[in-house]
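Undergrad: Here you go, this is run32.pdb (PDB, C-alpha atoms).
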```
ATOM      1  CA  ASP F   1       0.000   0.000   0.000  1.00  0.00           C
ATOM      2  CA  PRO F   2       1.832   3.123  -1.153  1.00  0.00           C
ATOM      3  CA  SER F   3      -0.047   5.342   1.306  1.00  0.00           C
ATOM      4  CA  ASP F   4       1.244   3.386   4.305  1.00  0.00           C
ATOM      5  CA  HIS F   5       4.585   4.947   5.247  1.00  0.00           C
ATOM      6  CA  ASP F   6       5.361   2.934   8.354  1.00  0.00           C
ATOM      7  CA  GLY F   7       7.791   4.836  10.553  1.00  0.00           C
ATOM      8  CA  VAL F   8       7.597   7.942   8.374  1.00  0.00           C
ATOM      9  CA  LEU F   9       4.893   9.557  10.507  1.00  0.00           C
ATOM     10  CA  ARG F  10       4.763   9.189  14.296  1.00  0.00           C
ATOM     11  CA  VAL F  11       2.807  11.006  16.979  1.00  0.00           C
ATOM     12  CA  SER F  12       3.690  11.342  20.655  1.00  0.00           C
ATOM     13  CA  PRO F  13       1.914  11.107  22.987  1.00  0.00           C
ATOM     14  CA  ASN F  14      -0.940   9.169  21.445  1.00  0.00           C
ATOM     15  CA  PRO F  15      -3.575   9.306  22.873  1.00  0.00           C
ATOM     16  CA  PHE F  16      -3.037  12.993  23.664  1.00  0.00           C
ATOM     17  CA  SER F  17      -4.904  15.607  25.651  1.00  0.00           C
ATOM     18  CA  GLY F  18      -2.884  18.797  25.109  1.00  0.00           C
ATOM     19  CA  THR F  19       0.096  19.454  22.907  1.00  0.00           C
ATOM     20  CA  VAL F  20       1.220  16.679  20.600  1.00  0.00           C
ATOM     21  CA  THR F  21       4.510  16.228  18.755  1.00  0.00           C
ATOM     22  CA  ILE F  22       4.420  14.997  15.178  1.00  0.00           C
ATOM     23  CA  TYR F  23       7.541  13.356  13.768  1.00  0.00           C
ATOM     24  CA  PHE F  24       7.686  13.184   9.988  1.00  0.00           C
ATOM     25  CA  THR F  25      10.576  11.802   7.953  1.00  0.00           C
ATOM     26  CA  SER F  26      11.029  13.254   4.479  1.00  0.00           C
ATOM     27  CA  GLU F  27      13.475  12.708   1.665  1.00  0.00           C
ATOM     28  CA  ASN F  28      13.004  16.234   0.338  1.00  0.00           C
ATOM     29  CA  GLU F  29      12.756  19.879   1.214  1.00  0.00           C
ATOM     30  CA  ALA F  30       9.148  20.747   0.495  1.00  0.00           C
ATOM     31  CA  ASN F  31       6.058  22.611   1.524  1.00  0.00           C
ATOM     32  CA  ALA F  32       3.446  20.274   2.942  1.00  0.00           C
ATOM     33  CA  SER F  33       0.075  20.408   4.629  1.00  0.00           C
ATOM     34  CA  MET F  34      -0.749  18.792   7.956  1.00  0.00           C
ATOM     35  CA  GLU F  35      -4.422  17.924   8.350  1.00  0.00           C
ATOM     36  CA  ILE F  36      -6.545  16.341  11.061  1.00  0.00           C
ATOM     37  CA  ILE F  37      -9.703  14.681   9.755  1.00  0.00           C
ATOM     38  CA  ASP F  38     -12.562  13.406  11.906  1.00  0.00           C
ATOM     39  CA  ILE F  39     -14.376  10.091  11.461  1.00  0.00           C
ATOM     40  CA  ASN F  40     -16.946  11.780   9.206  1.00  0.00           C
ATOM     41  CA  GLY F  41     -14.248  13.029   6.852  1.00  0.00           C
ATOM     42  CA  ARG F  42     -14.421  16.643   8.022  1.00  0.00           C
ATOM     43  CA  LEU F  43     -11.224  18.664   8.137  1.00  0.00           C
ATOM     44  CA  VAL F  44     -10.927  19.918  11.730  1.00  0.00           C
ATOM     45  CA  TYR F  45      -7.333  21.230  11.691  1.00  0.00           C
ATOM     46  CA  MET F  46      -4.938  22.290   8.959  1.00  0.00           C
ATOM     47  CA  SER F  47      -1.477  23.803   9.002  1.00  0.00           C
ATOM     48  CA  GLN F  48       1.040  24.541   6.267  1.00  0.00           C
ATOM     49  CA  ILE F  49       4.476  23.201   7.162  1.00  0.00           C
ATOM     50  CA  MET F  50       7.962  23.237   5.651  1.00  0.00           C
ATOM     51  CA  VAL F  51       9.719  19.879   5.764  1.00  0.00           C
ATOM     52  CA  LEU F  52      13.421  19.217   5.340  1.00  0.00           C
ATOM     53  CA  PRO F  53      15.272  16.006   4.475  1.00  0.00           C
ATOM     54  CA  GLY F  54      15.428  13.708   7.489  1.00  0.00           C
ATOM     55  CA  GLU F  55      13.241  13.705  10.585  1.00  0.00           C
ATOM     56  CA  ASN F  56      11.135  16.792  11.160  1.00  0.00           C
ATOM     57  CA  HIS F  57       9.152  17.465  14.290  1.00  0.00           C
ATOM     58  CA  PHE F  58       6.233  19.803  14.795  1.00  0.00           C
ATOM     59  CA  ILE F  59       4.485  20.591  18.060  1.00  0.00           C
ATOM     60  CA  ILE F  60       0.802  21.400  17.712  1.00  0.00           C
ATOM     61  CA  ASP F  61      -1.908  22.174  20.242  1.00  0.00           C
ATOM     62  CA  PRO F  62      -5.213  21.384  18.522  1.00  0.00           C
ATOM     63  CA  VAL F  63      -7.345  22.888  21.295  1.00  0.00           C
ATOM     64  CA  ASN F  64     -10.451  23.254  19.142  1.00  0.00           C
ATOM     65  CA  ILE F  65     -10.961  19.570  18.412  1.00  0.00           C
ATOM     66  CA  SER F  66     -13.187  17.399  20.606  1.00  0.00           C
ATOM     67  CA  PRO F  67     -12.070  14.154  22.225  1.00  0.00           C
ATOM     68  CA  GLY F  68     -12.265  11.245  19.778  1.00  0.00           C
ATOM     69  CA  ALA F  69     -10.465   9.359  17.025  1.00  0.00           C
ATOM     70  CA  TYR F  70      -8.978  11.188  14.046  1.00  0.00           C
ATOM     71  CA  THR F  71      -6.725  10.683  11.059  1.00  0.00           C
ATOM     72  CA  LEU F  72      -3.594  12.808  10.879  1.00  0.00           C
ATOM     73  CA  ARG F  73      -2.537  13.308   7.269  1.00  0.00           C
ATOM     74  CA  ILE F  74       0.546  14.950   5.841  1.00  0.00           C
ATOM     75  CA  ASN F  75       0.447  15.740   2.143  1.00  0.00           C
ATOM     76  CA  GLU F  76       3.909  16.432   0.757  1.00  0.00           C
ATOM     77  CA  ASN F  77       3.497  17.256  -2.930  1.00  0.00           C
ATOM     78  CA  GLY F  78       0.959  14.470  -3.377  1.00  0.00           C
ATOM     79  CA  ARG F  79       2.867  11.986  -1.231  1.00  0.00           C
ATOM     80  CA  ILE F  80       0.431  11.164   1.548  1.00  0.00           C
ATOM     81  CA  ALA F  81       1.327   9.809   4.974  1.00  0.00           C
ATOM     82  CA  THR F  82      -1.444   9.050   7.467  1.00  0.00           C
ATOM     83  CA  THR F  83      -1.729   7.777  11.001  1.00  0.00           C
ATOM     84  CA  LYS F  84      -4.522   7.405  13.539  1.00  0.00           C
ATOM     85  CA  ILE F  85      -4.568   9.714  16.540  1.00  0.00           C
ATOM     86  CA  VAL F  86      -6.842   9.868  19.571  1.00  0.00           C
ATOM     87  CA  LYS F  87      -7.641  12.943  21.642  1.00  0.00           C
ATOM     88  CA  ILE F  88      -8.717  12.375  25.251  1.00  0.00           C
ATOM     89  CA  ASN F  89      -9.955  14.778  27.907  1.00  0.00           C
TER      90      ASN F  89
END
```
As a first step, turn the structure in this file into structure tokens.
TA:
Amino acid sequence: DPSDHDGVLRVSPNPFSGTVTIYFTSENEANASMEIIDINGRLVYMSQIMVLPGENHFIIDPVNISPGAYTLRINENGRIATTKIVKIN
């Protein structure tokens, strides 16, 4: 499955309640988008990020999203990496 980049995208802590660190490994320098999508497919968070070759880390604090299960997606020039994340109270 080309969309399954195991080890390319990691989230800590997961589940999370406050800030969360996203680790994303890239082969390129590129602009990318980081999106959080709820179980109904709605986009609940989006941020434009700049990635560099190697491991990148981004700290986000998605305060406006409710507790529940989500998909975190990074789109780097059409190369998609996804992982499941869970927000708790």
Undergrad: Within 8 Å of F:Leu72, counting only C-alpha atoms, which residues show up once you throw out same-chain ones fewer than 5 positions away? Write them as a list in words, please.
TA: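 My list of contacting residues is Met34, Glu35, Ile36, Ile37, Thr82, Thr83, Lys84 and Ile85 of chain F.
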Undergrad: Skip F:Pro53 itself and residues of its chain fewer than 6 positions away, then list as JSON, numbers by chain all residues within 8 Å of it, counting all atoms listed in the file.
TA: {"F": [25, 26, 27, 28, 29]}
Undergrad: Got a sec to resolve the PyMOL selection byres ((chain F and resi 61-63) around 10) on this structure and send the residues as a list in words?
TA: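 When the PyMOL selection byres ((chain F and resi 61-63) around 10) is applied to the shown file, the picked residues are Phe16, Ser17, Gly18, Thr19, Val20, Thr21, Ile36, Val44, Tyr45, Met46, Ile59, Ile60, Asn64, Ile65, Ser66, Pro67 and Lys87 of chain F.
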Undergrad: Could you check how far atom CA of F:Gly68 sits from atom CA of F:Ile39, in Å to one decimal?
TA: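 For atom CA of F:Gly68 relative to atom CA of F:Ile39, the distance reads 8.7 Å.
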Undergrad: Distance atom CA of F:Tyr70-atom CA of F:Val86, one decimal place?
TA: 6.1 Å
Undergrad: From the set F:Ile49, F:Arg73, F:Leu43, F:Ser33, which residue has the shortest atom-to-atom contact distance to F:Val11, counting all atoms listed in the file?
TA: F:Arg73
Undergrad: What is the distance between atom CA of F:Ala81 and atom CA of F:Leu9, in Å to one decimal?
TA: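 Separating atom CA of F:Ala81 from atom CA of F:Leu9 is a distance of 6.6 Å.
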Undergrad: Would you mind telling me which residue in F:Ile80, F:Val8, F:Thr71, F:Tyr23 lies nearest to F:Arg42 when using all atoms listed in the file?
TA: F:Thr71
Undergrad: What do you get, as a list in words, if you spell out every residue that the PyMOL selection byres ((chain F and resi 55) around 6) selects here?
TA: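 On the file shown, the PyMOL selection byres ((chain F and resi 55) around 6) covers Phe24, Thr25, Gly54 and Asn56 of chain F.
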Undergrad: Ranking F:Ser47, F:Pro15, F:Ala32, F:Ile22 by minimum distance to F:Ala69 and counting all atoms listed in the file, which one comes first?
TA: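 Of all the options, F:Pro15 lies closest to F:Ala69.
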Undergrad: For the PyMOL selection byres ((chain F and resi 51) around 6), applied here, can you spell out every residue it catches as a ChimeraX atom specification?
TA: /F:29-30,50,52
Undergrad: Would you list the residues near (1.2, 18.7, -2.4) (no more than 8 Å away, in the coordinates of the file, using only C-alpha atoms) as JSON, numbers by chain?
TA: {"F": [31, 32, 33, 75, 76, 77, 78, 79]}
